[in-house]
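Worksheet: one structure, shown below.
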Amino acid sequence: MKRIVIFASGSGTNAENLIEFFQDRETGSVVQLLTNNPHAKVLDRAKRLKVSALSFNKIAYTETDDVLHILRNAKPDLIVLAGFLWLFPKNILIEFSNKVINLHPALLPKYGGKGMYGMNVHDAVVANKETETGITIHYVNEHYDEGAIIFQSKCAVLETDSAQDVADKIHELEMAHFPEVVESLLKE
């Protein structure tokens with residue numbers, strides 16, 4: 001069975017979806033959840049779903065190999081960023097080359113880069129009067145949202161849509177596609 005480690009920073013709906021999806025699968029399971037936010041709701045979700053969860057600070061992440069050591073012990077086949085906001089460090093990317101993926105709430109390369117997450121993305125999509133948006137699942141490299149694209153799914157943006165309407169559509173796409181794409185990567 002393949003091993004998945006999730007990094008998340010916020011409420012954790014995508015992390016919860018992944019954990020639940022893989023609870024009864026033979027392809028893989030979520031063995032660890034890591035967060036940079038000790039108050040993130042995702043920690044409560046992990047506890048409820050009986051998944052080991054740890055939080056870490058910026059020093060452990062960027063100035064030491066502490067997080068890398070946690071990952072080495074977890075032995076992940078895939079590292080999944082599900083609403084994780086910090087740029088991924090080079091030492092982890094080197095050790096886990098082509099094993100780190102991210103879910104982005106827009107059709108990259110549009111609306112990617114530093115600061116483009118969550119409602120910031122949806123506000124920009126609506127402000128620019130886009131007619132479509134979607135999700136992108138991509139490999140992570142040393143730059144925000146520039147890794148090779150694995151999967152995209154689109155949805156329409158209506159003239160009457162608010163940023164919250166767009167967020168709701170994106171959330172539906174994430175719930176429907178993210179676990180299946182992760183599973184397909186585990187089968188490769």
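Labels used: A, B, ... for chains in the order of the structure tokens, numbers from 1 for residues in each chain, and numbers from 1 for ligands as shown.
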query: Near region 81-97 of chain A, within 7 Å and counting only C-alpha atoms, which residues show up once chain neighbours fewer than 3 positions away are dropped, as a list of chain:residue names?
result: A:Ile6, A:Phe7, A:Ala8, A:Ser9, A:Gly10, A:Asn14, A:Ala15, A:Thr62, A:Leu68, A:Val100, A:Ile101, A:Asn102, A:Leu103, A:Asn141, A:Glu142, A:Tyr144
message: Set the distance at 12 Å and use only C-alpha atoms: which residues neighbour His177 (chain A) once local chain neighbours fewer than 6 positions away are removed? I'd like the list as a VMD selection string.
response: chain A and resid 14 17 to 18 21 103 134 to 137 150 to 154 170 to 171 183 to 184
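Of the residues listed (A:Lys187, A:His39, A:His122, A:Lys47), A:His122 shows the shortest atom-to-atom separation from Lys169 (chain A); distances use only C-alpha atoms.
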field: Spatial neighbours of Ile19 (chain A), 8 Å, only C-alpha atoms, chain gap at least 3 places, as a PyMOL selection string
entry: chain A and resi 15-16+22-23+29-30+49
message: Please extract the residues of region 7-132 of chain A with a backbone DSSP assignment of strand (DSSP E) and present them as a VMD selection string.
response: chain A and resid 7 to 8 28 to 35 53 to 55 78 to 81 100 to 104 132
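With only C-alpha atoms as the atoms that count, the minimum distance from Ile70 (chain A) to the choices A:Asn98, A:Asn57, A:Gln164, A:Gln32 is reached by A:Gln32.
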query: What does the distance from CA of Thr64 (chain A) to CA of Thr13 (chain A) come to in Å, to one decimal?
result: 29.2 Å
query: What does the distance between CA of Met119 (chain A) and CA of Tyr61 (chain A) come to in Å, to one decimal place?
result: 25.4 Å
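Straight-line separation from CA of Gly28 (chain A) to CA of Ile4 (chain A): 6.9 Å.
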